[in-house]
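*Asks:* Take this structure first; my questions come after.
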Amino acid sequence: DFLKYLAQDENTKIIGAYIEGLKDGRAFFEEAKSITREKPIVAWKGGETEGGSRATQSHTGSLAGSYKIWRALCRQSGIIPVISMEELLTTLAALQKLPLPQGTNVAILGGAGGGSVTMTDAAEREGLKVPHLSEKTIRALEEFVPLQGSSVKNPLDMMGAFFRGGQDALIKTFTLLKDDPNIDALIFLQMAEMYVRRGGRAFLDAFIKHLLECIKVLEKPTFIVLEGGRGQSLQSEAIRQEMQEKYNQAGIMAFPSFSTAARALFNMSQYQDYLSSHKY
């Protein structure tokens with residue numbers, strides 16, 4: 001009944017749900033399948049484990065059902081399944097503010113050293129791919145990115161080039177990623193405190209303003225990950241919140257962690273795959 005109402009409500013663009021049990025699984029499946037071609041449905045189902053299933057039965061008196069059956073239902077009906085409140089909220093927000101990616105090939109920007117390695121691991125654990133950039137992209141990046149202390153291979157360690165090269169380095173990078181056929185989306189990790197430490201708040205404001213223009217140039221989904229810095233001091237958290245507010249005002253999604261961004265990207269790519277395979 002809720003789905004039928006929300007499907008017809010012109011003010012509802014995306015549907016989010018927490019579900020424990022389904023009294024009529026077939027009816028739910030058919031209704032969801034008729035909706036997801038027009039409106040995404042993101043659903044968090046409780047009772048996926050054996051213990052959770054028992055708790056669901058005692059809580060609502062309904063059977064939670066098999067986890068495998070639920071996942072199969074989601075796959076066949078186009079529902080985006082999530083497993084936590086955080087994943088539900090970040091996926092809903094991403095669907096509101098970002099275009100759907102055309103694949104799972106992601107460029108990672110902003111990491112350094114071991115951080116690049118761990119982010120690659122995290123991305124691929126979530127089902128994404130971190131491919132090599134095209135040779136054309138790499139050669140073009142090498143023309144303005146210094147070899148020492150940087151990397152023009154995916155993941156990209158280029159923040160030093162951005163700080164030294166200013167706006168030109170940033171726009172060149174985004175233009176090259178736009179034209180790279182190996183890349184479907186970008187995850188950009190930003191350490192808020194570092195921007196202020198390097199250039200002050202005036203630099204931070206100018207950087208965000210220019211980045212918004214670069215995102216338009218890229219024409220591929222850009223998933224910004226916003227972290228405060230090491231130790232998460234009160235100052236770094238204040239700066240992070242200030243940056244987040246600036247992005248919010250500009251209609252840009254900023255994720256609290258790399259893993260939430262990677263998961264939202266994967267969820268959206270799965271939904272895009274469903275739409276592509278179920279065209280009228």
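Going through the structure tokens in order, the chains are called A, B, and so on, while each chain numbers its residues from 1 and the ligands are numbered from 1 in the order shown.
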Fewer than 3 positions away in the same chain doesn't count, so skip those; otherwise give me all residues within 8 Å of Ile239 (chain A), counting only C-alpha atoms, as a ChimeraX atom specification.
*Replies:* /A:192-193,228,235-236,242-243
*Asks:* For region 129-143 of chain A, please output as a list in words all residues within 6 Å (counting only C-alpha atoms; exclusion window: fewer than 2 positions along the same chain).
*Replies:*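 Here the qualifying residues turn out to be Thr104, Asn105, Val106, Glu124, Val145, Asn154 and Leu176 of chain A.
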*Asks:* Please, which residues of region 210-280 of chain A, numbered as in this document, come out alpha helix (DSSP H) from DSSP, as a PyMOL selection string?
*Replies:* chain A and resi 210-218+234-249+258-277
*Asks:* A:Thr91, A:Thr120, A:Gln241, A:Asn267: which is nearest Pro155 (chain A), counting only C-alpha atoms?
*Replies:*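 Closest residue, counting only C-alpha atoms: A:Thr120.
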*Asks:* Write out as a list in words which residues come within 9 Å of Arg75 (chain A) when counting only C-alpha atoms, dropping same-chain ones fewer than 6 positions away.
*Replies:*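 In the requested form, the answer reads Pro81, Gln270 and Tyr274 of chain A.
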*Asks:* Restricted to all heavy atoms, what would the selected residues look like written as a short mmCIF file (atom, residue, chain, number, x, y, z; two decimals), in the first residue's frame?
*Replies:*
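Result went into out20.cif, see below:
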data_model
loop_
_atom_site.label_atom_id
_atom_site.label_comp_id
_atom_site.auth_asym_id
_atom_site.auth_seq_id
_atom_site.Cartn_x
_atom_site.Cartn_y
_atom_site.Cartn_z
N PRO A 81 19.50 -2.99 -2.29
CA PRO A 81 19.52 -3.46 -0.91
C PRO A 81 20.70 -2.87 -0.13
O PRO A 81 21.82 -2.77 -0.65
CB PRO A 81 19.69 -4.98 -1.07
CG PRO A 81 20.48 -5.13 -2.32
CD PRO A 81 20.08 -3.99 -3.22
N GLN A 270 24.94 -0.71 -9.74
CA GLN A 270 24.07 -1.87 -9.86
C GLN A 270 22.68 -1.46 -10.34
O GLN A 270 22.05 -2.16 -11.16
CB GLN A 270 23.97 -2.60 -8.52
CG GLN A 270 25.27 -3.24 -8.05
CD GLN A 270 25.75 -4.32 -9.01
OE1 GLN A 270 26.63 -4.11 -9.83
NE2 GLN A 270 25.15 -5.49 -8.91
N TYR A 274 20.70 -2.45 -13.85
CA TYR A 274 19.32 -2.94 -13.92
C TYR A 274 18.51 -2.14 -14.93
O TYR A 274 17.79 -2.71 -15.76
CB TYR A 274 18.66 -2.87 -12.54
CG TYR A 274 17.20 -3.29 -12.56
CD1 TYR A 274 16.86 -4.64 -12.50
CD2 TYR A 274 16.18 -2.35 -12.65
CE1 TYR A 274 15.52 -5.03 -12.54
CE2 TYR A 274 14.86 -2.72 -12.68
CZ TYR A 274 14.53 -4.08 -12.62
OH TYR A 274 13.21 -4.48 -12.68
#
*Asks:* Residues of region 35-274 of chain A in strand (DSSP E or B) according to DSSP, as a count of residues only?
*Replies:* 32
*Asks:* If you measure from CA of Ser233 (chain A) to CA of Pro256 (chain A), what distance in Å do you get, rounded to one decimal?
*Replies:*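 Calculated distance between CA of Ser233 (chain A) and CA of Pro256 (chain A) is 15.6 Å.
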*Asks:* Can you work out the spacing between CA of Phe28 (chain A) and CA of Arg263 (chain A) in Å, to one decimal?
*Replies:* 25.3 Å
